[in-house]
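Raw entry-v4.txt, compact mmCIF, C-alpha atoms:
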# COMPACT_ATOMS: atom_id res chain seq x y z
CA MET A 87 186.01 90.12 201.96
CA THR A 88 186.60 88.44 205.32
CA ILE A 89 189.95 88.56 207.11
CA ASN A 90 190.76 85.72 209.46
CA ARG A 91 192.25 86.24 212.90
CA PRO A 92 195.16 85.88 212.64
CA GLY A 93 195.29 86.90 209.01
CA LEU A 94 196.07 84.55 206.15
CA PRO A 95 197.88 85.60 202.97
CA GLY A 96 194.81 84.63 200.96
CA ASP A 97 192.72 87.17 202.90
CA LEU A 98 194.41 90.03 201.06
CA PRO A 99 193.38 91.11 197.55
CA PRO A 100 196.03 91.48 194.85
CA ALA A 101 198.53 94.09 195.95
CA GLU A 102 197.70 96.32 192.99
CA LEU A 103 194.05 96.44 194.07
CA LEU A 104 194.93 97.11 197.70
CA TRP A 105 197.26 99.89 196.53
CA ALA A 106 194.53 101.46 194.40
CA ARG A 107 191.96 101.70 197.21
CA TRP A 108 194.47 102.94 199.75
CA ALA A 109 195.89 105.43 197.24
CA LEU A 110 192.43 106.87 196.57
CA VAL A 111 191.98 107.71 200.24
CA ALA A 112 195.49 109.19 200.37
CA VAL A 113 194.83 111.33 197.30
CA LEU A 114 191.49 112.66 198.55
CA GLN A 115 192.90 113.43 202.01
CA ALA A 116 196.02 115.13 200.65
CA SER A 117 196.78 118.69 201.71
CA GLU A 118 199.81 120.93 201.96
CA ALA A 119 199.36 120.97 205.74
CA GLN A 120 199.51 117.18 205.86
CA GLU A 121 202.61 117.16 203.66
CA SER A 122 204.40 119.45 206.10
CA GLU A 123 203.47 117.51 209.24
CA ARG A 124 206.23 115.54 210.90
CA TYR A 125 203.76 112.90 212.05
CA PRO A 126 200.79 112.89 209.64
CA THR A 127 197.56 111.12 210.42
CA GLY A 128 194.99 109.46 208.21
CA ALA A 129 196.17 108.13 204.84
CA TRP A 130 199.00 109.65 202.84
CA ILE A 131 201.63 108.80 200.26
CA ASP A 132 205.28 109.80 200.05
CA ASP A 133 208.45 108.52 198.40
CA GLU A 134 208.45 105.53 200.77
CA GLY A 135 204.95 104.36 199.79
CA LEU A 136 201.46 104.47 201.24
CA HIS A 137 200.83 105.03 204.93
CA PHE A 138 197.95 104.99 207.37
CA ASP A 139 198.00 106.13 210.98
CA ASP A 140 194.95 106.83 213.12
CA CYS A 141 197.10 108.49 215.80
CA GLY A 142 195.88 105.88 218.23
CA CYS A 143 195.78 102.12 217.86
CA THR A 144 196.93 101.37 214.32
CA TRP A 145 199.64 102.34 211.81
CA TRP A 146 200.65 100.76 208.50
CA THR A 147 203.16 101.24 205.67
CA PHE A 148 202.80 99.78 202.18
CA PRO A 149 205.77 100.30 199.81
CA ARG A 150 206.08 99.20 196.21
CA LEU A 151 209.50 97.66 195.65
CA GLY A 152 209.43 97.20 191.87
CA GLU A 153 208.83 94.19 189.61
CA GLY A 154 205.43 93.43 191.13
CA ARG A 155 206.86 93.35 194.65
CA TYR A 156 205.21 94.93 197.67
CA VAL A 157 205.59 94.72 201.43
CA LEU A 158 202.90 95.48 203.99
CA TYR A 159 203.86 96.04 207.60
CA GLY A 160 202.57 97.80 210.66
CA GLU A 161 200.65 97.21 213.83
CA ASP A 162 197.18 97.28 215.28
CA GLU A 163 196.72 97.07 219.03
CA SER A 164 194.78 93.83 218.49
CA SER A 165 197.95 92.04 217.39
CA GLY A 166 199.28 89.45 219.80
CA VAL A 167 202.41 88.63 217.80
CA LYS A 168 204.99 90.54 219.81
CA TRP A 169 203.35 89.48 223.10
CA HIS A 170 203.31 85.78 222.29
CA ASP A 171 204.97 83.58 224.95
CA MET A 172 207.21 81.95 222.37
CA PRO A 173 208.87 84.62 220.20
CA ILE A 174 207.57 84.78 216.62
CA ASP A 175 210.03 85.65 213.87
CA MET A 176 207.92 87.88 211.63
CA LEU A 177 210.64 87.86 208.97
CA ALA A 178 211.04 84.08 208.74
CA GLY A 179 210.95 82.96 205.12
CA GLY A 180 211.06 86.51 203.83
CA PRO A 181 212.63 87.14 200.40
CA ASP A 182 215.96 88.92 200.12
CA TRP A 183 214.38 92.11 198.72
CA LEU A 184 212.48 93.06 201.89
CA PRO A 185 213.59 96.33 203.55
CA TYR A 186 215.31 94.44 206.36
CA ASP A 187 217.06 97.46 207.90
CA GLU A 188 213.75 99.25 208.42
CA LEU A 189 211.92 96.14 209.59
CA ARG A 190 214.62 95.14 212.04
CA ASP A 191 214.73 98.66 213.45
CA ARG A 192 210.98 98.41 214.01
CA LEU A 193 211.38 95.03 215.67
CA LYS A 194 214.07 96.37 217.99
CA GLY A 195 211.73 99.18 218.96
CA ASN A 196 208.92 96.70 219.63
CA GLU A 197 206.83 98.55 217.04
CA LEU A 198 205.84 95.80 214.64
CA GLY A 199 202.69 93.67 214.66
CA CYS A 200 202.93 91.77 211.38
CA VAL A 201 204.67 91.68 208.01
CA TYR A 202 203.25 90.43 204.69
CA TRP A 203 205.01 90.44 201.33
CA TYR A 204 203.80 90.09 197.75
CA GLU A 205 205.57 88.67 194.71
CA ASN A 206 204.55 86.74 191.60
CA GLY A 207 200.90 87.54 192.25
CA ALA A 208 200.74 86.02 195.73
CA TRP A 209 200.94 87.19 199.35
CA ALA A 210 203.02 85.41 201.99
CA ARG A 211 204.04 85.85 205.61
CA ALA A 212 206.03 84.06 208.28
CA PRO A 213 204.45 80.97 209.86
CA TYR A 214 202.49 81.52 213.06
CA PRO A 215 201.98 79.16 216.00
CA GLU A 216 198.52 77.59 216.20
CA ASP A 217 197.67 79.35 219.46
CA LEU A 218 198.17 82.90 218.11
CA ASP A 219 194.80 84.66 218.39
CA ASP A 220 195.36 87.68 216.14
CA ASP A 221 198.04 89.55 214.20
CA GLY A 222 196.07 92.78 213.76
CA LEU A 223 195.49 92.44 210.02
CA ASP A 224 191.69 92.43 210.29
CA CYS A 225 191.25 95.45 212.56
CA GLY A 226 194.06 97.34 210.88
CA LEU A 227 193.53 96.74 207.18
CA SER A 228 189.90 95.72 206.62
CA ARG A 229 189.16 99.36 205.75
CA PHE A 230 191.13 98.85 202.52
CA VAL A 231 190.79 95.10 202.00
CA ASN A 232 186.99 95.23 202.05
CA ARG A 233 185.85 97.70 199.41
CA ALA A 234 182.51 98.15 201.21
CA LYS A 235 184.37 99.69 204.17
CA THR A 236 186.57 102.10 202.22
CA PRO A 237 183.80 104.69 201.65
CA TYR A 238 183.51 105.23 205.41
CA LEU A 239 186.95 106.88 205.28
CA LEU A 240 185.64 109.33 202.69
CA MET A 241 182.27 110.37 204.10
CA ASP A 242 183.54 113.84 205.07
CA ILE A 243 185.46 114.27 201.82
CA VAL A 244 183.14 113.29 198.96
CA ASP A 245 179.65 114.74 198.65
CA GLU A 246 177.46 111.82 197.63
CA ALA A 247 174.50 114.16 197.16
CA GLY A 248 176.32 116.51 194.78
CA ASP A 249 176.69 116.51 191.02
CA GLY A 250 180.26 115.27 191.01
CA PRO A 251 181.56 111.69 191.04
CA THR A 252 180.46 109.44 193.89
CA VAL A 253 182.77 107.36 196.05
CA ASP A 254 181.89 104.30 193.97
CA ASP A 255 182.72 106.23 190.79
CA LEU A 256 186.12 107.13 192.25
CA LEU A 257 186.78 103.58 193.46
CA ASP A 258 185.84 102.19 190.04
CA ALA A 259 188.20 104.67 188.39
CA VAL A 260 191.18 104.07 190.66
CA GLU A 261 190.78 100.29 190.49
CA ALA A 262 190.67 100.50 186.70
CA GLY A 263 193.68 102.81 186.57
CA THR A 264 191.63 105.69 185.17
CA LEU A 265 191.64 108.14 188.08
CA THR A 266 192.70 111.35 186.34
CA PRO A 267 193.35 114.96 187.33
CA LYS A 268 190.22 115.91 185.40
CA LEU A 269 188.10 113.59 187.53
CA LEU A 270 189.55 115.07 190.72
CA GLU A 271 188.89 118.57 189.41
CA SER A 272 185.22 117.64 188.91
CA LEU A 273 184.73 117.02 192.63
CA GLY A 274 182.42 119.51 194.32
CA GLU A 275 182.86 121.05 197.75
CA ARG A 276 183.74 118.83 200.66
CA PRO A 277 180.66 118.02 202.76
CA ASP A 278 182.56 118.87 205.95
CA GLY A 279 183.09 122.42 204.72
CA GLU A 280 186.88 122.14 204.62
CA PRO A 281 188.62 123.47 201.50
CA ARG A 282 189.85 120.91 199.00
CA ASP A 283 193.59 121.20 198.28
CA LEU A 284 193.66 120.24 194.61
CA PRO A 285 197.39 120.90 194.06
CA ALA A 286 198.27 118.54 196.93
CA MET A 287 195.80 115.99 195.62
CA LEU A 288 197.39 116.08 192.19
CA ARG A 289 200.86 115.65 193.71
CA ALA A 290 199.59 112.62 195.63
CA LEU A 291 197.99 111.20 192.49
CA ALA A 292 201.28 111.54 190.63
CA ARG A 293 203.12 109.64 193.38
CA ALA A 294 200.48 106.93 193.48
CA SER A 295 200.60 106.49 189.70
CA ALA A 296 204.38 106.58 189.29
Go ahead and render the structure in this file as structure tokens.
Amino acid sequence: MTINRPGLPGDLPPAELLWARWALVAVLQASEAQESERYPTGAWIDDEGLHFDDCGCTWWTFPRLGEGRYVLYGEDESSGVKWHDMPIDMLAGGPDWLPYDELRDRLKGNELGCVYWYENGAWARAPYPEDLDDDGLDCGLSRFVNRAKTPYLLMDIVDEAGDGPTVDDLLDAVEAGTLTPKLLESLGERPDGEPRDLPAMLRALARASA
């Protein structure tokens, strides 16, 4: 799936599908150590939603706000929105259910690169000027938007050569809503040699499925 620069609402898959792929990475990366970190990195899930932070050039937050409503916001260093000569109101046209306090705090801190929202089965965003080159959606979110890229986040976590489920098996399951504790328990050792924290993974799965 190709993402334009700047992104278009139609570039994003249905929010439920985007949530599923992102949640899978968060579940497989979950650990008690990550849960206790003040500033986690990688993908994770908490009571506020899904998050991704590479501790460098990109961070994103993806909350579910009930009744088929989602908001996606964050920043990649490729975004030119906040540097545009004419200020761009990233919240223009936004529905009344957006988390405006959080978003406005981010804007005041010059921390926001773009905002997209989802309702009634469709994505939307504020209008952009024609001369905006990029809003960061492609570089920041293609890892979850394009299913073919998601496995690269899991190369050190899932042993494709083992007897357990493959990354494609796990993606199929999470996209179908059938990722279960039993399937996670069937995973073999991590190929990077790190221990797998199954209790943390199950906690993350419960949050993602709630």
Give me the residues within 10 Å of Leu189 in chain A as a JSON list (two decimals) with C-alpha atoms, in the frame of the given file, counting only C-alpha atoms and dropping any in the same chain fewer than 3 places off.
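Result saved to result13.json:
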[["chain", "number", "residue", "atom", "x", "y", "z"],
["A", 159, "TYR", "CA", 203.86, 96.04, 207.60],
["A", 160, "GLY", "CA", 202.57, 97.80, 210.66],
["A", 176, "MET", "CA", 207.92, 87.88, 211.63],
["A", 177, "LEU", "CA", 210.64, 87.86, 208.97],
["A", 184, "LEU", "CA", 212.48, 93.06, 201.89],
["A", 185, "PRO", "CA", 213.59, 96.33, 203.55],
["A", 186, "TYR", "CA", 215.31, 94.44, 206.36],
["A", 192, "ARG", "CA", 210.98, 98.41, 214.01],
["A", 193, "LEU", "CA", 211.38, 95.03, 215.67],
["A", 194, "LYS", "CA", 214.07, 96.37, 217.99],
["A", 195, "GLY", "CA", 211.73, 99.18, 218.96],
["A", 197, "GLU", "CA", 206.83, 98.55, 217.04],
["A", 198, "LEU", "CA", 205.84, 95.80, 214.64],
["A", 201, "VAL", "CA", 204.67, 91.68, 208.01]]
With all atoms listed in the file as the atoms that count, which of A:Met241, A:Leu114, A:Met172, A:Leu158 lies nearest to Asp217 in chain A?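 For Asp217 in chain A, the nearest of the given residues is A:Met172.
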Can you tell me, as a list in words, what residues are no more than 10 Å from Ala247 in chain A when counting all atoms listed in the file, ignoring any on the same chain fewer than 3 positions away? Val244, Gly250, Pro251, Thr252, Gly274 and Pro277 of chain A
Could you please determine the separation between CA of Gly128 in chain A and CA of Leu94 in chain A in Å, to one decimal place? 25.0 Å
Enter the distance from CA of Asp133 in chain A to CA of Arg233 in chain A, in Å, rounded to one decimal. 25.1 Å
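Of note, CA of Gly135 in chain A and CA of Asn196 in chain A are spaced 21.6 Å apart.
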Can you work out which one of A:Asp162, A:Glu123, A:Glu246, A:Asp171 has the shortest atom-to-atom distance to Asp221 in chain A, counting only C-alpha atoms?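 Ranked by minimum distance to Asp221 in chain A, first place goes to A:Asp162.
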Would you mind listing what lies within 8 Å of Leu110 in chain A as an mmCIF file with C-alpha atoms, in the frame of the given file, with only C-alpha atoms counted and same-chain residues fewer than 3 positions away left out?
data_model
loop_
_atom_site.group_PDB
_atom_site.id
_atom_site.type_symbol
_atom_site.label_atom_id
_atom_site.label_comp_id
_atom_site.auth_asym_id
_atom_site.auth_seq_id
_atom_site.Cartn_x
_atom_site.Cartn_y
_atom_site.Cartn_z
ATOM 1 C CA ALA A 106 194.530 101.460 194.400
ATOM 2 C CA ARG A 107 191.960 101.700 197.210
ATOM 3 C CA VAL A 113 194.830 111.330 197.300
ATOM 4 C CA LEU A 114 191.490 112.660 198.550
ATOM 5 C CA LEU A 256 186.120 107.130 192.250
ATOM 6 C CA LEU A 257 186.780 103.580 193.460
ATOM 7 C CA VAL A 260 191.180 104.070 190.660
#
Which one of A:Asp254, A:Leu291, A:Arg190, A:Ala119 sits closest to Tyr238 in chain A if you count all atoms listed in the file? A:Asp254
Residues within 12 Å of (203.5, 106.9, 198.3), counting all atoms listed in the file, listed as a VMD selection string: chain A and resid 105 to 106 108 to 113 116 121 129 to 138 147 to 151 289 to 296
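Taking all atoms listed in the file, the non-local environment of Trp209 in chain A within 6 Å (same-chain residues fewer than 3 positions away omitted) comprises Pro95, Trp203 and Tyr204 of chain A.
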Counting only C-alpha atoms, I want the residues whose atoms come within 9 Å of (189.3, 89.0, 209.4) in the file frame, returned as a list of chain:residue names.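 Those residues, ordered by chain and then number, are A:Met87, A:Thr88, A:Ile89, A:Asn90, A:Arg91, A:Pro92, A:Gly93, A:Leu94, A:Asp97, A:Gly222, A:Leu223, A:Asp224, A:Cys225, A:Ser228.
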Restrict the selected residues to C-alpha atoms and save them as a tab-separated table (two decimals), keeping the file's coordinate frame.
chain	number	residue	atom	x	y	z
A	87	MET	CA	186.01	90.12	201.96
A	88	THR	CA	186.60	88.44	205.32
A	89	ILE	CA	189.95	88.56	207.11
A	90	ASN	CA	190.76	85.72	209.46
A	91	ARG	CA	192.25	86.24	212.90
A	92	PRO	CA	195.16	85.88	212.64
A	93	GLY	CA	195.29	86.90	209.01
A	94	LEU	CA	196.07	84.55	206.15
A	97	ASP	CA	192.72	87.17	202.90
A	222	GLY	CA	196.07	92.78	213.76
A	223	LEU	CA	195.49	92.44	210.02
A	224	ASP	CA	191.69	92.43	210.29
A	225	CYS	CA	191.25	95.45	212.56
A	228	SER	CA	189.90	95.72	206.62
Could you check the closest approach to Phe230 in chain A for each of A:Glu188, A:Asp245, A:Glu102, A:Glu163 and tell me which residue wins, using all atoms listed in the file?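 Ranking A:Glu188, A:Asp245, A:Glu102, A:Glu163 by distance to Phe230 in chain A, first place goes to A:Glu102.
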Shell of 10 Å around Ile174 in chain A, all atoms listed in the file, local chain residues under 2 positions omitted, as a ChimeraX atom specification: /A:167-172,176-178,200,212-215,218
